[in-house]
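What follows is one structure encoded as structure tokens, with my remarks underneath.
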Amino acid sequence: MRYLAAAYNRNDTPALKKVTNASARAALIAMRQEATNLQLTSCSRRAAGDYTCEFRHGYPEGLHRSGRGHATFLAAPADKPGWYMTVLIDCG
């Protein structure tokens with residue numbers, strides 16, 4: 001998920017394709033309007049075998065918001081070794 005955050009911050013769509021499914025990638029692209037400088041803070045394993053991952057982010061200057069926001073994603077095993085972001089649960 002650190003790779004995902006770095007790819008998001010670079011606006012690197014080919015790199016995001018390696019660690020997201022199509023719906024998660026669309027959610028990330030939509031999230032850009034309110035989230036900058038995405039940083040992974042933690043991931044915790046769920047009973048289902050996937051992970052809930054927490055991120056913090058800044059806000060674009062145009063929003064005139066101070067402080068930090070948060071985002072929560074689900075990460076599940078990918079077809080190849082590694083993990084995919086599969087669901088954007090929350091972004092605020």
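By order in the structure tokens, chains are A, B, ...; within a chain, residues start at 1; ligands start at 1, following the order shown.
Within 7 Å of A:Asp50, once only C-alpha atoms are used and residues closer than 2 positions along the same chain are dropped, the contacting residues are Arg45, Arg46, Ala48, Ala75, Ala76 and Pro77 of chain A.
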Review point. Where in stretch 18-81 of chain A does DSSP assign strand (DSSP E), given as a PyMOL selection string?
Key: chain A and resi 36-45+51-58+69-77
Polymer residues at most 12 Å from A:Met1, only C-alpha atoms, same-chain spacing of 2 or more positions, as a PDB file with N, CA, C and O atoms, in the first residue's frame:
ATOM      1  N   TYR A   3       3.376   1.540  -1.981  1.00  0.00           N
ATOM      2  CA  TYR A   3       3.540   1.698  -3.428  1.00  0.00           C
ATOM      3  C   TYR A   3       2.335   2.435  -3.997  1.00  0.00           C
ATOM      4  O   TYR A   3       2.481   3.335  -4.820  1.00  0.00           O
ATOM      5  N   LEU A   4       1.138   2.061  -3.556  1.00  0.00           N
ATOM      6  CA  LEU A   4      -0.078   2.721  -4.017  1.00  0.00           C
ATOM      7  C   LEU A   4      -0.041   4.204  -3.674  1.00  0.00           C
ATOM      8  O   LEU A   4      -0.334   5.048  -4.521  1.00  0.00           O
ATOM      9  N   ALA A   5       0.328   4.555  -2.446  1.00  0.00           N
ATOM     10  CA  ALA A   5       0.380   5.955  -2.030  1.00  0.00           C
ATOM     11  C   ALA A   5       1.389   6.731  -2.873  1.00  0.00           C
ATOM     12  O   ALA A   5       1.104   7.844  -3.326  1.00  0.00           O
ATOM     13  N   ALA A   6       2.551   6.143  -3.123  1.00  0.00           N
ATOM     14  CA  ALA A   6       3.569   6.820  -3.932  1.00  0.00           C
ATOM     15  C   ALA A   6       3.073   7.022  -5.365  1.00  0.00           C
ATOM     16  O   ALA A   6       3.259   8.096  -5.952  1.00  0.00           O
ATOM     17  N   ALA A   7       2.432   6.005  -5.938  1.00  0.00           N
ATOM     18  CA  ALA A   7       1.900   6.119  -7.300  1.00  0.00           C
ATOM     19  C   ALA A   7       0.799   7.175  -7.360  1.00  0.00           C
ATOM     20  O   ALA A   7       0.741   7.966  -8.305  1.00  0.00           O
ATOM     21  N   TYR A   8      -0.065   7.202  -6.362  1.00  0.00           N
ATOM     22  CA  TYR A   8      -1.134   8.208  -6.293  1.00  0.00           C
ATOM     23  C   TYR A   8      -0.526   9.608  -6.257  1.00  0.00           C
ATOM     24  O   TYR A   8      -0.961  10.505  -6.975  1.00  0.00           O
ATOM     25  N   ALA A  15       1.265   2.786 -12.803  1.00  0.00           N
ATOM     26  CA  ALA A  15       1.666   2.162 -11.534  1.00  0.00           C
ATOM     27  C   ALA A  15       0.444   1.830 -10.684  1.00  0.00           C
ATOM     28  O   ALA A  15       0.408   0.787 -10.024  1.00  0.00           O
ATOM     29  N   LEU A  16      -0.579   2.687 -10.689  1.00  0.00           N
ATOM     30  CA  LEU A  16      -1.805   2.406  -9.933  1.00  0.00           C
ATOM     31  C   LEU A  16      -2.507   1.159 -10.467  1.00  0.00           C
ATOM     32  O   LEU A  16      -3.108   0.410  -9.701  1.00  0.00           O
ATOM     33  N   LYS A  18      -1.229  -1.501 -11.335  1.00  0.00           N
ATOM     34  CA  LYS A  18      -0.582  -2.686 -10.787  1.00  0.00           C
ATOM     35  C   LYS A  18      -1.083  -3.036  -9.392  1.00  0.00           C
ATOM     36  O   LYS A  18      -0.898  -4.158  -8.938  1.00  0.00           O
ATOM     37  N   VAL A  19      -1.727  -2.073  -8.703  1.00  0.00           N
ATOM     38  CA  VAL A  19      -2.108  -2.308  -7.303  1.00  0.00           C
ATOM     39  C   VAL A  19      -3.566  -1.957  -7.000  1.00  0.00           C
ATOM     40  O   VAL A  19      -3.950  -1.817  -5.839  1.00  0.00           O
ATOM     41  N   THR A  20      -4.382  -1.826  -8.040  1.00  0.00           N
ATOM     42  CA  THR A  20      -5.805  -1.533  -7.845  1.00  0.00           C
ATOM     43  C   THR A  20      -6.631  -2.328  -8.859  1.00  0.00           C
ATOM     44  O   THR A  20      -6.134  -2.681  -9.922  1.00  0.00           O
ATOM     45  N   LEU A  38      -1.095  11.526  -0.164  1.00  0.00           N
ATOM     46  CA  LEU A  38      -1.606  10.329   0.502  1.00  0.00           C
ATOM     47  C   LEU A  38      -0.468   9.597   1.210  1.00  0.00           C
ATOM     48  O   LEU A  38       0.593   9.375   0.620  1.00  0.00           O
ATOM     49  N   GLN A  39      -0.670   9.225   2.476  1.00  0.00           N
ATOM     50  CA  GLN A  39       0.347   8.520   3.257  1.00  0.00           C
ATOM     51  C   GLN A  39      -0.295   7.371   4.021  1.00  0.00           C
ATOM     52  O   GLN A  39      -1.278   7.573   4.741  1.00  0.00           O
ATOM     53  N   LEU A  40       0.277   6.172   3.860  1.00  0.00           N
ATOM     54  CA  LEU A  40      -0.199   4.999   4.589  1.00  0.00           C
ATOM     55  C   LEU A  40       0.120   5.165   6.071  1.00  0.00           C
ATOM     56  O   LEU A  40       1.239   5.512   6.436  1.00  0.00           O
ATOM     57  N   THR A  41      -0.874   4.920   6.941  1.00  0.00           N
ATOM     58  CA  THR A  41      -0.617   4.969   8.382  1.00  0.00           C
ATOM     59  C   THR A  41      -0.670   3.586   9.011  1.00  0.00           C
ATOM     60  O   THR A  41       0.073   3.307   9.942  1.00  0.00           O
ATOM     61  N   SER A  42      -1.537   2.685   8.513  1.00  0.00           N
ATOM     62  CA  SER A  42      -1.594   1.336   9.077  1.00  0.00           C
ATOM     63  C   SER A  42      -2.452   0.425   8.212  1.00  0.00           C
ATOM     64  O   SER A  42      -3.286   0.884   7.443  1.00  0.00           O
ATOM     65  N   CYS A  43      -2.227  -0.879   8.388  1.00  0.00           N
ATOM     66  CA  CYS A  43      -3.089  -1.906   7.793  1.00  0.00           C
ATOM     67  C   CYS A  43      -3.333  -2.958   8.861  1.00  0.00           C
ATOM     68  O   CYS A  43      -2.425  -3.302   9.620  1.00  0.00           O
ATOM     69  N   SER A  44      -4.559  -3.452   8.935  1.00  0.00           N
ATOM     70  CA  SER A  44      -4.861  -4.525   9.889  1.00  0.00           C
ATOM     71  C   SER A  44      -5.608  -5.640   9.169  1.00  0.00           C
ATOM     72  O   SER A  44      -6.499  -5.400   8.359  1.00  0.00           O
ATOM     73  N   TYR A  51      -7.204  -6.954   4.132  1.00  0.00           N
ATOM     74  CA  TYR A  51      -6.739  -5.951   5.086  1.00  0.00           C
ATOM     75  C   TYR A  51      -7.534  -4.667   4.968  1.00  0.00           C
ATOM     76  O   TYR A  51      -7.950  -4.286   3.872  1.00  0.00           O
ATOM     77  N   THR A  52      -7.736  -4.005   6.089  1.00  0.00           N
ATOM     78  CA  THR A  52      -8.240  -2.646   6.113  1.00  0.00           C
ATOM     79  C   THR A  52      -7.017  -1.747   6.278  1.00  0.00           C
ATOM     80  O   THR A  52      -6.232  -1.937   7.214  1.00  0.00           O
ATOM     81  N   CYS A  53      -6.847  -0.807   5.362  1.00  0.00           N
ATOM     82  CA  CYS A  53      -5.685   0.074   5.395  1.00  0.00           C
ATOM     83  C   CYS A  53      -6.140   1.520   5.584  1.00  0.00           C
ATOM     84  O   CYS A  53      -7.077   1.976   4.929  1.00  0.00           O
ATOM     85  N   GLU A  54      -5.454   2.189   6.488  1.00  0.00           N
ATOM     86  CA  GLU A  54      -5.759   3.581   6.825  1.00  0.00           C
ATOM     87  C   GLU A  54      -4.683   4.487   6.236  1.00  0.00           C
ATOM     88  O   GLU A  54      -3.492   4.181   6.304  1.00  0.00           O
ATOM     89  N   PHE A  55      -5.132   5.596   5.685  1.00  0.00           N
ATOM     90  CA  PHE A  55      -4.247   6.592   5.094  1.00  0.00           C
ATOM     91  C   PHE A  55      -4.614   7.963   5.643  1.00  0.00           C
ATOM     92  O   PHE A  55      -5.747   8.188   6.061  1.00  0.00           O
ATOM     93  N   THR A  72      -9.883   5.266   4.085  1.00  0.00           N
ATOM     94  CA  THR A  72      -9.826   3.858   4.463  1.00  0.00           C
ATOM     95  C   THR A  72     -10.094   3.019   3.225  1.00  0.00           C
ATOM     96  O   THR A  72     -11.078   3.250   2.526  1.00  0.00           O
ATOM     97  N   PHE A  73      -9.211   2.065   2.956  1.00  0.00           N
ATOM     98  CA  PHE A  73      -9.316   1.184   1.795  1.00  0.00           C
ATOM     99  C   PHE A  73      -9.308  -0.259   2.256  1.00  0.00           C
ATOM    100  O   PHE A  73      -8.748  -0.583   3.298  1.00  0.00           O
ATOM    101  N   LEU A  74      -9.888  -1.134   1.449  1.00  0.00           N
ATOM    102  CA  LEU A  74      -9.686  -2.578   1.616  1.00  0.00           C
ATOM    103  C   LEU A  74      -8.616  -3.020   0.623  1.00  0.00           C
ATOM    104  O   LEU A  74      -8.607  -2.570  -0.526  1.00  0.00           O
ATOM    105  N   ALA A  75      -7.738  -3.880   1.080  1.00  0.00           N
ATOM    106  CA  ALA A  75      -6.708  -4.466   0.223  1.00  0.00           C
ATOM    107  C   ALA A  75      -6.862  -5.977   0.271  1.00  0.00           C
ATOM    108  O   ALA A  75      -6.976  -6.565   1.341  1.00  0.00           O
ATOM    109  N   ALA A  76      -6.870  -6.596  -0.903  1.00  0.00           N
ATOM    110  CA  ALA A  76      -7.047  -8.050  -1.004  1.00  0.00           C
ATOM    111  C   ALA A  76      -5.914  -8.633  -1.849  1.00  0.00           C
ATOM    112  O   ALA A  76      -5.261  -7.908  -2.603  1.00  0.00           O
ATOM    113  N   PRO A  77      -5.677  -9.942  -1.742  1.00  0.00           N
ATOM    114  CA  PRO A  77      -4.616 -10.560  -2.531  1.00  0.00           C
ATOM    115  C   PRO A  77      -4.841 -10.352  -4.030  1.00  0.00           C
ATOM    116  O   PRO A  77      -5.965 -10.447  -4.514  1.00  0.00           O
ATOM    117  N   GLY A  82       1.300 -10.171  -4.324  1.00  0.00           N
ATOM    118  CA  GLY A  82       1.066  -8.788  -3.925  1.00  0.00           C
ATOM    119  C   GLY A  82      -0.377  -8.554  -3.532  1.00  0.00           C
ATOM    120  O   GLY A  82      -1.156  -9.494  -3.364  1.00  0.00           O
ATOM    121  N   TRP A  83      -0.741  -7.283  -3.416  1.00  0.00           N
ATOM    122  CA  TRP A  83      -2.058  -6.877  -2.932  1.00  0.00           C
ATOM    123  C   TRP A  83      -2.649  -5.822  -3.842  1.00  0.00           C
ATOM    124  O   TRP A  83      -1.935  -5.013  -4.423  1.00  0.00           O
ATOM    125  N   TYR A  84      -3.973  -5.821  -3.929  1.00  0.00           N
ATOM    126  CA  TYR A  84      -4.731  -4.833  -4.677  1.00  0.00           C
ATOM    127  C   TYR A  84      -5.601  -4.033  -3.712  1.00  0.00           C
ATOM    128  O   TYR A  84      -6.206  -4.600  -2.801  1.00  0.00           O
ATOM    129  N   MET A  85      -5.704  -2.728  -3.966  1.00  0.00           N
ATOM    130  CA  MET A  85      -6.764  -1.964  -3.334  1.00  0.00           C
ATOM    131  C   MET A  85      -8.036  -2.362  -4.075  1.00  0.00           C
ATOM    132  O   MET A  85      -8.093  -2.315  -5.302  1.00  0.00           O
ATOM    133  N   THR A  86      -9.051  -2.798  -3.326  1.00  0.00           N
ATOM    134  CA  THR A  86     -10.286  -3.268  -3.955  1.00  0.00           C
ATOM    135  C   THR A  86     -11.479  -2.366  -3.693  1.00  0.00           C
ATOM    136  O   THR A  86     -12.378  -2.291  -4.522  1.00  0.00           O
TER     137      THR A  86
END
Exercise for review: Select, from A:His70, A:Arg2, A:His64, A:Lys17, the residue with the minimum atom-to-atom distance to A:Ala35, counting only C-alpha atoms.
Suggested key: A:His70
Practice item. In Å, rounded to a single decimal, give me how far atom CA of A:Asn21 is from atom CA of A:Asn37. Key: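 According to the coordinates, atom CA of A:Asn37 and atom CA of A:Asn21 are separated by 21.0 Å.
Interatomic distance, atom CA of A:Glu61 to atom CA of A:Arg32: 12.2 Å.
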Point to revise | Residue nearest A:Cys91 among A:Leu63, A:Ala71, A:Ala24, A:Ala47 (counting only C-alpha atoms) | key: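 Ranked by minimum distance to A:Cys91, first place goes to A:Ala71.
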Review point. So, counting only C-alpha atoms, which residue among A:Ala22, A:Ala78, A:Met31, A:Leu88 is closest to A:Pro60?
Key: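 Selected residue with least distance to A:Pro60: A:Met31.
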Exercise for review: Report the residues of chain A whose backbone DSSP state falls under helix (DSSP H, G or I), written as a list of chain:residue names.
Suggested key: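 Listing helix (DSSP H, G or I) positions across chain A yields A:Arg2, A:Tyr3, A:Leu4, A:Ala5, A:Ala6, A:Ala7, A:Tyr8, A:Asn9, A:Arg10, A:Thr13, A:Pro14, A:Ala15, A:Leu16, A:Lys17, A:Ala22, A:Ser23, A:Ala24, A:Arg25, A:Ala26, A:Ala27, A:Leu28, A:Ile29, A:Ala30, A:Met31, A:Glu61, A:Gly62, A:Leu63.
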Write a file of the just-selected residues containing C-alpha atoms, as a compact mmCIF listing (two decimals), in the first residue's frame.
# COMPACT_ATOMS: atom_id res chain seq x y z
CA ARG A 2 3.02 2.30 0.30
CA TYR A 3 3.54 1.70 -3.43
CA LEU A 4 -0.08 2.72 -4.02
CA ALA A 5 0.38 5.95 -2.03
CA ALA A 6 3.57 6.82 -3.93
CA ALA A 7 1.90 6.12 -7.30
CA TYR A 8 -1.13 8.21 -6.29
CA ASN A 9 1.08 11.12 -5.25
CA ARG A 10 2.94 10.97 -8.60
CA THR A 13 -1.86 5.70 -13.59
CA PRO A 14 0.20 2.79 -15.01
CA ALA A 15 1.67 2.16 -11.53
CA LEU A 16 -1.80 2.41 -9.93
CA LYS A 17 -3.06 -0.25 -12.37
CA ALA A 22 -10.81 -0.92 -11.97
CA SER A 23 -13.44 0.30 -9.47
CA ALA A 24 -10.84 1.13 -6.81
CA ARG A 25 -8.77 3.03 -9.37
CA ALA A 26 -11.83 5.07 -10.41
CA ALA A 27 -12.49 5.89 -6.74
CA LEU A 28 -8.88 7.03 -6.30
CA ILE A 29 -9.08 9.26 -9.35
CA ALA A 30 -12.30 10.82 -8.04
CA MET A 31 -10.69 11.28 -4.62
CA GLU A 61 -5.23 24.58 -1.80
CA GLY A 62 -8.50 25.30 -3.62
CA LEU A 63 -10.53 23.64 -0.85
